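Report on the structure given below.
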Amino acid sequence: MFSIMMTDMWVTVKKRLTTWMLYMIIGFGSVRILENIVMNPQIAEALSAVKAVQMKRILISLLLLIILYQFAQEITLRICRGMFVCGAGKKERMRYLIEQFFIKLLFSFLFLMVVLFITTRDIFITGNEGAKAVQIILWFFTIWNINLKVGIGIKGARKLDEKGYAVYSKAEIAVNIYWFCFILIQNIVFYTCSLLNFFPGKPWTTGILVMMLISNGYFGVRYFKPILMEAMSYENVYRQEPEKEYVQYDI
Amino acid sequence: MEDLLKVEHLNKRVGEFCLKDISFSLKPGYIMGLLGVNGAGKTTLIHTILNLYKKDGGGVYVDDMEMEEEERAVKDKIGFVLDENMFEESMSVIRNAKGFGKLYSKFDEELFRIFCKNFGIPLNKTVGSLSTGMKVRFQLAFALSHDAVLFIMDEPAAGLDPLFRKELMRYMQEIVEDGTRSVLFSTHITEDLEKMSDYIVLMRDGAVFLSMPTVDLKERYRIVYGTKEQIETLPFFRVIYKEYGEYGSYAFLESTEGEDYGEYEVKEPLLEDIMYCLEKGGYSYV
C-alpha cells in the first residue's frame, strides 16, 4: 500500500512540478537579491555580520514555510480511489491517512531543515537556547497545521451550498482559519523577536513554551481525527465530479 | 438458500436526487440486471451498495454480513467492474494488481497473470493508457483473481467492442454456473439483459419500480398490434401506452391471466419495449 500511496502523492507533485520550480526560482532569486542588499558592506556594517546572517536565515526559513504551505495546499490528505472499493475497511483507510500525514510531516520537516542548513549552514535562527526550542516547536505545529488539509480528488471541486459558497466542516474551519491565524500570529511574534534580538528570560521562555505546547497541541490533537474522518469519505473527496463528457445512450 | 446480496429499505440523498426505500435480494447462482433510464439512480445505488456513498438509512448485507459493520470482510467477497477507473492511472497493471491485491485475503497473482494473458491485457502498461475496453477487462481479471462471490458491475458493456461484449456475457454466465456466485450489473443495453439476467430490477426516479424474474416480467406485458381505429377502441382496460403510426399502431398493456385477445396480433415485448412504453406511458398498473 505504501508504494500506491507514494505514487498517488508523486502524481500530484509531478502535475505541479513546473509551478513549484517556478516558486523556488522566484523565491530563492528574491532571497539572493535581499542577501546582496543585506550583505552590502555599508548595510552589513550597520547591521553587524551576525545580524546579517540571522536576517538571511529568517528570510529563507520564512520563504521555505511559504513554499511548504503551497506544497501542502496541493498534496492534501487523500485516499486513493482503489482503497474505497477494494478489500479495505475504515481501519485500513484510517491507517493509510495517518501514514500519509506523517510522511508529509516528515518530508516537510526534512525539507525545511536540509534546505536551511545547505543555504545558511545552520538550522536555527538565533543562538539563544530558549528561542531554538520555541523555533522547533513552532515549526512542528506550523507544518502540522498546513498539512492537515482534506483533499479533493483531482477532477473534483468543493461542495457548494445553495448560494454557491464552498461548504467547509467545523473541523476544517477550526484548523484552516482559527488555528492557522493563531499559528500565523505566533510566527510573526517569533520572527519579529528574532529580528529585534528580543528574548525574555528563562522563566518567560519556559512559560511561552508550555503555552505553545498546550494551545497548539490542543488544536492539533482535537481536530486531527475529525479532519481525517472528513478525508475518509468518498463523497467528500471524489463525488463532486464534472459532467462526463461521453454520450450515454438511452433507449 | 441464503441470499448472497440483500438490500433492505436503502435510502440515500445525493444533492437533489435520492434513492427511496430500495429493497431487493439476490441468491447465489443468479444474474440480476439493474435497468433504468439515465438518472434513474443505477450508479448511485451501486455506489451506495459499495459503501462509496454513505447510506442515510436501511442496510446492505452480503453473505449475511452488514456492509458498514464488516466492510473489509464484505468487500473481500465483492468483485467490481465500474464504469469509472478506480485504480491508479499512472501505475502499471501489474503494480496496481499487486498493490490492491494485498487488500484481499485470497488474491492470486498467478491467476491474475493468466487472466491478463487470456484477455490480452499488457501487464506493464499503465492503467491510464489502457482503452476503455481494456480497463473493463483489467477490472474483470482482478475481480476473478481474488475469488469474489458477488460481482457488481456498473455499465460493464459500455464502450466495449461487440466481440468482448459477447465474451463478457459468457464470463458472467461462467461466474454463476457453479451456483455459488452471483452478478449484479447495470446496463443501458437491454439486449444484454434479455439474454443474461435471471432477475430484473427496474428503477425509476431513485425507486425500485419492479423487481422480478426476467421471464415473469416479460409475461406481465403484451403488445397488441392493429389499425389506428382498432387501437383507439381497444376493449382492454390495462393499457399503458398507445402509439399510432402510418404503417401500423400498437398498444402496450399489462396482461391478465386468461385474457382473450381475439383478432388482435399479440406479441411478447422485449425489455426495450417495456422500458420505452413505461417511460412514455407512465409507470402504472403495478
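All residue names refer to the C-alpha cells as shown: chains lettered A, B, ... in order, residues numbered from 1 in each chain, ligands numbered from 1 in order.
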With only C-alpha atoms considered, list every residue of chain B at most 7 Å from chain A, as a ChimeraX atom specification. /B:37-38,50,52-53,71-72,75-76,86-87,99-100,103-104,188,272,276
Based on DSSP run over this structure's backbone, return all residues of stretch 21-263 of chain B in helix (DSSP H, G or I), as number ranges by chain. B: 42-49, 71-76, 93-101, 109-119, 127-129, 132-145, 162-177, 190-196, 214-220, 228-232
Find the residues around A:Ile143 up to 7 Å (only C-alpha atoms counted), leave out those fewer than 3 positions away in its own chain, and share them as a VMD selection string. chain A and resid 105 108 139 to 140 146 to 147
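The shell of residues at most 10 Å from A:Trp179, with only C-alpha atoms counted and near chain neighbours (fewer than 5 positions) removed, consists of Phe141, Thr142, Asn145, Ile146, Glu172, Ile173, Ala174, Leu184, Ile185, Ser215, Asn216, Tyr218, Phe219 and Gly220 of chain A.
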Limited to all heavy atoms, could you put the picked residues into a file as a compact mmCIF listing (two decimals), in the first residue's frame?
# COMPACT_ATOMS: atom_id res chain seq x y z
N PHE A 141 4.40 22.67 14.77
CA PHE A 141 2.95 22.90 14.73
C PHE A 141 2.53 23.62 13.45
O PHE A 141 1.42 23.42 12.96
CB PHE A 141 2.49 23.66 15.97
CG PHE A 141 2.40 22.77 17.18
CD1 PHE A 141 3.23 22.97 18.28
CD2 PHE A 141 1.52 21.70 17.22
CE1 PHE A 141 3.17 22.14 19.39
CE2 PHE A 141 1.45 20.86 18.33
CZ PHE A 141 2.28 21.07 19.42
N THR A 142 3.41 24.46 12.91
CA THR A 142 3.07 25.14 11.64
C THR A 142 2.93 24.09 10.54
O THR A 142 1.96 24.10 9.77
CB THR A 142 4.18 26.16 11.26
OG1 THR A 142 4.35 27.06 12.34
CG2 THR A 142 3.81 26.93 10.01
N ASN A 145 -0.17 22.05 11.06
CA ASN A 145 -1.36 22.78 10.63
C ASN A 145 -1.52 22.80 9.12
O ASN A 145 -2.60 22.47 8.59
CB ASN A 145 -1.31 24.22 11.17
CG ASN A 145 -2.45 25.08 10.63
OD1 ASN A 145 -2.39 25.55 9.50
ND2 ASN A 145 -3.50 25.22 11.40
N ILE A 146 -0.45 23.15 8.41
CA ILE A 146 -0.62 23.31 6.96
C ILE A 146 -0.81 21.97 6.24
O ILE A 146 -1.36 21.92 5.15
CB ILE A 146 0.53 24.13 6.30
CG1 ILE A 146 1.88 23.47 6.52
CG2 ILE A 146 0.52 25.56 6.77
CD1 ILE A 146 3.03 24.23 5.88
N GLU A 172 -12.62 21.75 9.68
CA GLU A 172 -11.82 22.44 8.67
C GLU A 172 -11.72 23.94 8.97
O GLU A 172 -10.65 24.53 8.83
CB GLU A 172 -12.44 22.24 7.28
CG GLU A 172 -12.16 20.87 6.70
CD GLU A 172 -12.81 20.71 5.34
OE1 GLU A 172 -14.04 20.52 5.29
OE2 GLU A 172 -12.09 20.79 4.35
N ILE A 173 -12.84 24.52 9.42
CA ILE A 173 -12.83 25.96 9.76
C ILE A 173 -11.89 26.20 10.94
O ILE A 173 -11.08 27.13 10.93
CB ILE A 173 -14.26 26.46 10.06
CG1 ILE A 173 -15.08 26.42 8.76
CG2 ILE A 173 -14.26 27.86 10.66
CD1 ILE A 173 -16.56 26.62 8.93
N ALA A 174 -11.97 25.30 11.95
CA ALA A 174 -11.12 25.47 13.14
C ALA A 174 -9.64 25.38 12.75
O ALA A 174 -8.84 26.19 13.20
CB ALA A 174 -11.47 24.39 14.16
N LEU A 184 -0.07 31.82 12.68
CA LEU A 184 0.49 32.95 11.94
C LEU A 184 0.96 34.04 12.91
O LEU A 184 2.07 34.58 12.78
CB LEU A 184 -0.58 33.50 11.00
CG LEU A 184 -0.10 34.31 9.81
CD1 LEU A 184 0.72 33.44 8.86
CD2 LEU A 184 -1.30 34.91 9.06
N ILE A 185 0.13 34.32 13.91
CA ILE A 185 0.48 35.34 14.91
C ILE A 185 1.75 34.90 15.66
O ILE A 185 2.67 35.69 15.86
CB ILE A 185 -0.70 35.58 15.89
CG1 ILE A 185 -1.85 36.26 15.15
CG2 ILE A 185 -0.28 36.42 17.09
CD1 ILE A 185 -3.18 36.23 15.88
N SER A 215 -1.62 25.08 23.81
CA SER A 215 -2.61 25.63 22.88
C SER A 215 -2.54 24.98 21.49
O SER A 215 -3.56 24.55 20.94
CB SER A 215 -2.47 27.16 22.78
OG SER A 215 -1.12 27.46 22.50
N ASN A 216 -1.33 24.88 20.96
CA ASN A 216 -1.21 24.25 19.63
C ASN A 216 -1.51 22.76 19.69
O ASN A 216 -2.13 22.21 18.79
CB ASN A 216 0.19 24.45 19.06
CG ASN A 216 0.43 25.88 18.64
OD1 ASN A 216 -0.44 26.50 18.06
ND2 ASN A 216 1.58 26.41 18.96
N TYR A 218 -3.54 21.36 21.67
CA TYR A 218 -5.00 21.19 21.75
C TYR A 218 -5.59 21.16 20.34
O TYR A 218 -6.33 20.25 19.99
CB TYR A 218 -5.62 22.33 22.57
CG TYR A 218 -7.13 22.36 22.44
CD1 TYR A 218 -7.92 21.45 23.14
CD2 TYR A 218 -7.76 23.26 21.58
CE1 TYR A 218 -9.29 21.44 22.98
CE2 TYR A 218 -9.13 23.26 21.43
CZ TYR A 218 -9.90 22.36 22.13
OH TYR A 218 -11.26 22.34 21.96
N PHE A 219 -5.25 22.16 19.54
CA PHE A 219 -5.79 22.22 18.16
C PHE A 219 -5.38 20.99 17.36
O PHE A 219 -6.19 20.37 16.69
CB PHE A 219 -5.29 23.47 17.44
CG PHE A 219 -6.10 24.70 17.72
CD1 PHE A 219 -5.60 25.73 18.50
CD2 PHE A 219 -7.37 24.84 17.17
CE1 PHE A 219 -6.35 26.87 18.75
CE2 PHE A 219 -8.11 25.98 17.41
CZ PHE A 219 -7.61 26.99 18.20
N GLY A 220 -4.07 20.68 17.46
CA GLY A 220 -3.53 19.56 16.67
C GLY A 220 -4.19 18.24 16.98
O GLY A 220 -4.57 17.49 16.09
Considering only C-alpha atoms, return as an MDAnalysis selection string whatever protein or nucleic-acid residues lie within 6 Å of stretch 129-146 of chain B, sequence-local ones (same chain, fewer than 2 positions apart) excluded. chainID B and resid 79 81 106:108 111:112 115 126:127 148 160
For stretch 113-117 of chain A, please output as a list in words all residues within 9 Å (counting only C-alpha atoms; exclusion window: fewer than 6 positions along the same chain). Arg57, Ile60, Ser61, Leu64, Ile123 and Phe124 of chain A
Would you save the residues from that selection as an mmCIF file, in the first residue's frame, using N, CA and C atoms?
data_model
loop_
_atom_site.group_PDB
_atom_site.id
_atom_site.type_symbol
_atom_site.label_atom_id
_atom_site.label_comp_id
_atom_site.auth_asym_id
_atom_site.auth_seq_id
_atom_site.Cartn_x
_atom_site.Cartn_y
_atom_site.Cartn_z
ATOM 1 N N ARG A 57 18.810 33.954 7.458
ATOM 2 C CA ARG A 57 18.125 32.745 7.927
ATOM 3 C C ARG A 57 16.629 32.987 8.090
ATOM 4 N N ILE A 60 15.071 33.096 4.616
ATOM 5 C CA ILE A 60 14.996 31.778 3.959
ATOM 6 C C ILE A 60 13.977 30.878 4.659
ATOM 7 N N SER A 61 13.982 30.878 5.987
ATOM 8 C CA SER A 61 13.033 29.994 6.674
ATOM 9 C C SER A 61 11.592 30.427 6.410
ATOM 10 N N LEU A 64 10.766 29.247 2.973
ATOM 11 C CA LEU A 64 10.530 27.797 2.949
ATOM 12 C C LEU A 64 9.158 27.454 3.523
ATOM 13 N N ILE A 123 20.518 25.418 11.235
ATOM 14 C CA ILE A 123 19.048 25.327 11.126
ATOM 15 C C ILE A 123 18.348 26.276 12.094
ATOM 16 N N PHE A 124 19.122 26.842 13.017
ATOM 17 C CA PHE A 124 18.496 27.744 13.997
ATOM 18 C C PHE A 124 18.703 29.204 13.613
#
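On the backbone of this structure, DSSP gives strand (DSSP E or B) within stretch 36-97 of chain B to Gly57, Gly58, Gly59, Val60, Tyr61, Val62, Met65, Glu66, Ile78, Gly79, Phe80, Val81 and Ser92 of chain B.
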Residues as selected, all heavy atoms, written as an mmCIF file, in the first residue's frame, can you do that?
data_model
loop_
_atom_site.group_PDB
_atom_site.id
_atom_site.type_symbol
_atom_site.label_atom_id
_atom_site.label_comp_id
_atom_site.auth_asym_id
_atom_site.auth_seq_id
_atom_site.Cartn_x
_atom_site.Cartn_y
_atom_site.Cartn_z
ATOM 1 N N GLY B 57 -30.165 5.506 5.356
ATOM 2 C CA GLY B 57 -30.991 4.558 6.092
ATOM 3 C C GLY B 57 -31.010 3.217 5.398
ATOM 4 O O GLY B 57 -30.611 3.098 4.248
ATOM 5 N N GLY B 58 -31.460 2.197 6.139
ATOM 6 C CA GLY B 58 -31.542 0.861 5.556
ATOM 7 C C GLY B 58 -30.258 0.081 5.710
ATOM 8 O O GLY B 58 -29.369 0.470 6.483
ATOM 9 N N GLY B 59 -30.147 -0.999 4.982
ATOM 10 C CA GLY B 59 -28.957 -1.837 5.135
ATOM 11 C C GLY B 59 -28.592 -2.603 3.879
ATOM 12 O O GLY B 59 -29.445 -2.873 3.033
ATOM 13 N N VAL B 60 -27.298 -2.919 3.772
ATOM 14 C CA VAL B 60 -26.795 -3.749 2.670
ATOM 15 C C VAL B 60 -26.093 -4.949 3.302
ATOM 16 O O VAL B 60 -25.202 -4.773 4.139
ATOM 17 C CB VAL B 60 -25.796 -2.960 1.791
ATOM 18 C CG1 VAL B 60 -25.185 -3.868 0.734
ATOM 19 C CG2 VAL B 60 -26.466 -1.768 1.135
ATOM 20 N N TYR B 61 -26.532 -6.136 2.964
ATOM 21 C CA TYR B 61 -25.953 -7.358 3.534
ATOM 22 C C TYR B 61 -25.385 -8.228 2.421
ATOM 23 O O TYR B 61 -26.051 -8.466 1.421
ATOM 24 C CB TYR B 61 -27.010 -8.165 4.291
ATOM 25 C CG TYR B 61 -27.689 -7.365 5.383
ATOM 26 C CD1 TYR B 61 -28.794 -6.559 5.095
ATOM 27 C CD2 TYR B 61 -27.219 -7.406 6.684
ATOM 28 C CE1 TYR B 61 -29.413 -5.809 6.086
ATOM 29 C CE2 TYR B 61 -27.826 -6.658 7.682
ATOM 30 C CZ TYR B 61 -28.929 -5.860 7.375
ATOM 31 O OH TYR B 61 -29.524 -5.111 8.355
ATOM 32 N N VAL B 62 -24.157 -8.668 2.611
ATOM 33 C CA VAL B 62 -23.550 -9.609 1.666
ATOM 34 C C VAL B 62 -23.195 -10.851 2.474
ATOM 35 O O VAL B 62 -22.453 -10.761 3.452
ATOM 36 C CB VAL B 62 -22.298 -9.005 0.985
ATOM 37 C CG1 VAL B 62 -21.614 -10.036 0.111
ATOM 38 C CG2 VAL B 62 -22.684 -7.783 0.156
ATOM 39 N N MET B 65 -23.556 -10.519 6.103
ATOM 40 C CA MET B 65 -22.725 -9.562 6.833
ATOM 41 C C MET B 65 -23.125 -8.151 6.419
ATOM 42 O O MET B 65 -23.307 -7.894 5.228
ATOM 43 C CB MET B 65 -21.241 -9.775 6.506
ATOM 44 C CG MET B 65 -20.675 -11.060 7.068
ATOM 45 S SD MET B 65 -18.930 -11.210 6.706
ATOM 46 C CE MET B 65 -18.939 -11.538 4.976
ATOM 47 N N GLU B 66 -23.255 -7.284 7.419
ATOM 48 C CA GLU B 66 -23.672 -5.912 7.119
ATOM 49 C C GLU B 66 -22.474 -5.133 6.576
ATOM 50 O O GLU B 66 -21.371 -5.208 7.130
ATOM 51 C CB GLU B 66 -24.202 -5.246 8.382
ATOM 52 C CG GLU B 66 -25.371 -4.296 8.149
ATOM 53 C CD GLU B 66 -24.958 -2.909 7.678
ATOM 54 O OE1 GLU B 66 -23.897 -2.439 8.123
ATOM 55 O OE2 GLU B 66 -25.680 -2.306 6.858
ATOM 56 N N ILE B 78 -16.474 -9.129 -2.664
ATOM 57 C CA ILE B 78 -17.046 -8.418 -3.817
ATOM 58 C C ILE B 78 -15.991 -8.169 -4.893
ATOM 59 O O ILE B 78 -14.903 -7.677 -4.616
ATOM 60 C CB ILE B 78 -17.672 -7.071 -3.383
ATOM 61 C CG1 ILE B 78 -18.849 -7.314 -2.430
ATOM 62 C CG2 ILE B 78 -18.136 -6.259 -4.592
ATOM 63 C CD1 ILE B 78 -19.485 -6.049 -1.884
ATOM 64 N N GLY B 79 -16.354 -8.496 -6.118
ATOM 65 C CA GLY B 79 -15.522 -8.137 -7.260
ATOM 66 C C GLY B 79 -16.255 -7.020 -7.993
ATOM 67 O O GLY B 79 -17.469 -7.088 -8.143
ATOM 68 N N PHE B 80 -15.537 -6.002 -8.394
ATOM 69 C CA PHE B 80 -16.230 -4.870 -9.026
ATOM 70 C C PHE B 80 -15.703 -4.589 -10.422
ATOM 71 O O PHE B 80 -14.526 -4.790 -10.713
ATOM 72 C CB PHE B 80 -16.106 -3.607 -8.162
ATOM 73 C CG PHE B 80 -14.689 -3.161 -7.960
ATOM 74 C CD1 PHE B 80 -14.073 -2.304 -8.878
ATOM 75 C CD2 PHE B 80 -13.945 -3.597 -6.881
ATOM 76 C CE1 PHE B 80 -12.769 -1.902 -8.717
ATOM 77 C CE2 PHE B 80 -12.617 -3.207 -6.703
ATOM 78 C CZ PHE B 80 -12.026 -2.365 -7.630
ATOM 79 N N VAL B 81 -16.608 -4.171 -11.273
ATOM 80 C CA VAL B 81 -16.249 -3.656 -12.605
ATOM 81 C C VAL B 81 -17.078 -2.386 -12.758
ATOM 82 O O VAL B 81 -18.285 -2.457 -12.964
ATOM 83 C CB VAL B 81 -16.583 -4.663 -13.726
ATOM 84 C CG1 VAL B 81 -16.243 -4.065 -15.090
ATOM 85 C CG2 VAL B 81 -15.837 -5.978 -13.543
ATOM 86 N N SER B 92 1.444 0.738 -13.415
ATOM 87 C CA SER B 92 1.206 -0.335 -14.375
ATOM 88 C C SER B 92 0.116 -1.276 -13.864
ATOM 89 O O SER B 92 -0.223 -1.273 -12.671
ATOM 90 C CB SER B 92 2.496 -1.115 -14.603
ATOM 91 O OG SER B 92 2.812 -1.831 -13.438
#
Shell around stretch 1-10 of chain B at 9 Å using only C-alpha atoms, local window under 5 positions removed, as a PyMOL selection string: chain B and resi 19-28+45+48-49+55-64+149-150+180-182
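The gap separating atom CA of B:Tyr241 from atom CA of B:Gly262 is 19.6 Å, in Å to one decimal.
Between atom CA of B:Glu268 and atom CA of B:Ile223 there is a distance of 6.3 Å.
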